[in-house]
Amino acid sequence: MTPEMTTRAAALLDAYKENGLKIATAESCTGGLVAALLTEISGSSAVVERGFVTYSNEAKTELIGVPADLIAAHGAVSEPVARAMAEGALAHSRADVAVGITGVAGPTGGTDTKPVGLVHFGLARKGAATVHLERRYGDLGRGTIRRRAVEDALSLLEQALR
């Protein structure tokens, strides 16, 4: 992660702390990078409640309650699953806000309908409707796609404060 991302994450943590809010993450294609970035900052334990790395479909179902039939119907990389991941992370934690991330980081795994670079995000907040964001970064390389997904996850977490 870049120094700019660390600075941004620190500001985000400060804002959440000021508002008395806690964060949970449910990450698939980012493999815990959002949680890692946030917990790189001293004092993050006041805000980061927990992170779920739900890389497999079974982990999505077993750890955060994403219905297996939802994954079967839409695929793991889909709007409904991203929403369910965020909502599941919220339900299976003591957090106030949760972000879910699922996508195709590549270089393999892409299809015509779900190409490399497609990432779906869900943002769930207690008492609010779940928000969805879809990004199609293109086949920019695994590291770049994952880094951009972390940046967009930070944006969603910032948006939740507004």
# chains A, B, ... in the order shown; residues from 1 in each chain; ligands from 1

call {"tool": "residues_around", "arguments": {"residues": "A:Val81", "least_positions_apart": "6", "cutoff": "8 Å", "atoms": "only C-alpha atoms", "output": "list in words"}}
result
Val66, Leu70, Ile71, His74, Gly75 and Thr102 of chain A

call {"tool": "select_by_dssp", "arguments": {"residues": "stretch 4-160 of chain A", "states": "helix (DSSP H, G or I)", "output": "VMD selection string"}}
result
chain A and resid 4 to 18 33 to 39 44 to 46 57 to 64 68 to 74 79 to 91 142 to 159

call {"tool": "atom_distance", "arguments": {"atom1": "atom CA of A:Ala15", "atom2": "atom CA of A:Ser93"}}
result
20.0 Å

call {"tool": "select_by_dssp", "arguments": {"residues": "chain A", "states": "strand (DSSP E or B)", "output": "ChimeraX atom specification"}}
result
/A:23-27,48-53,97-103,118-125,131-136

call {"tool": "closest_residue", "arguments": {"among": "A:Ala68, A:Ala89, A:Ala153, A:Ala10", "to": "A:Leu38", "atoms": "only C-alpha atoms"}}
result
A:Ala10

call {"tool": "residues_around", "arguments": {"residues": "A:Gln159", "least_positions_apart": "4", "cutoff": "12 Å", "atoms": "only C-alpha atoms", "output": "PyMOL selection string"}}
result
chain A and resi 12+15-16+97-99+123-125+131-133+152-155

call {"tool": "residues_around", "arguments": {"residues": "A:Arg147", "least_positions_apart": "2", "cutoff": "10 Å", "atoms": "only C-alpha atoms", "output": "list in words"}}
result
Met1, Thr2, Met5, Thr30, Leu33, Val34, Arg142, Gly143, Thr144, Ile145, Ala149, Val150, Glu151, Asp152 and Ala153 of chain A

call {"tool": "write_last_selection", "arguments": {"atoms": "C-alpha atoms", "output": "PDB file, in the first residue's frame"}}
result
ATOM      1  CA  MET A   1       0.000   0.000   0.000  1.00  0.00           C
ATOM      2  CA  THR A   2       1.142   3.517  -0.690  1.00  0.00           C
ATOM      3  CA  MET A   5      -3.342   5.192   1.294  1.00  0.00           C
ATOM      4  CA  THR A  30      -8.611  -8.410  -1.743  1.00  0.00           C
ATOM      5  CA  LEU A  33      -5.848  -6.044   2.302  1.00  0.00           C
ATOM      6  CA  VAL A  34      -8.435  -3.544   3.583  1.00  0.00           C
ATOM      7  CA  ARG A 142      -3.704  -8.614 -10.159  1.00  0.00           C
ATOM      8  CA  GLY A 143      -1.851  -6.212  -7.868  1.00  0.00           C
ATOM      9  CA  THR A 144      -3.305  -3.089  -9.470  1.00  0.00           C
ATOM     10  CA  ILE A 145      -6.857  -4.443  -9.418  1.00  0.00           C
ATOM     11  CA  ALA A 149     -10.376  -2.239  -4.895  1.00  0.00           C
ATOM     12  CA  VAL A 150      -8.867  -1.231  -1.548  1.00  0.00           C
ATOM     13  CA  GLU A 151      -9.064   2.430  -2.579  1.00  0.00           C
ATOM     14  CA  ASP A 152     -12.727   2.057  -3.531  1.00  0.00           C
ATOM     15  CA  ALA A 153     -13.461   0.254  -0.265  1.00  0.00           C
TER      16      ALA A 153
END

call {"tool": "closest_residue", "arguments": {"among": "A:Gly103, A:Pro3, A:Gly32, A:Gly20", "to": "A:Phe121", "atoms": "only C-alpha atoms"}}
result
A:Gly103

call {"tool": "residues_around", "arguments": {"residues": "stretch 104-111 of chain A", "least_positions_apart": "6", "cutoff": "8 Å", "atoms": "only C-alpha atoms", "output": "PDB file with C-alpha atoms, in the first residue's frame"}}
result
ATOM      1  CA  CYS A  29     -10.490 -10.849  -4.010  1.00  0.00           C
ATOM      2  CA  VAL A  77     -18.756 -12.180  -8.141  1.00  0.00           C
ATOM      3  CA  GLY A 117     -11.094  -6.516 -13.277  1.00  0.00           C
ATOM      4  CA  LEU A 118     -14.778  -6.789 -12.346  1.00  0.00           C
ATOM      5  CA  VAL A 119     -15.250  -6.082  -8.640  1.00  0.00           C
ATOM      6  CA  ASP A 139      -7.163  -6.369 -16.960  1.00  0.00           C
ATOM      7  CA  GLY A 141      -2.775  -6.911 -13.412  1.00  0.00           C
ATOM      8  CA  ARG A 142      -3.704  -8.614 -10.159  1.00  0.00           C
ATOM      9  CA  GLY A 143      -1.851  -6.212  -7.868  1.00  0.00           C
ATOM     10  CA  ILE A 145      -6.857  -4.443  -9.418  1.00  0.00           C
ATOM     11  CA  ARG A 146      -6.561  -5.366  -5.746  1.00  0.00           C
TER      12      ARG A 146
END
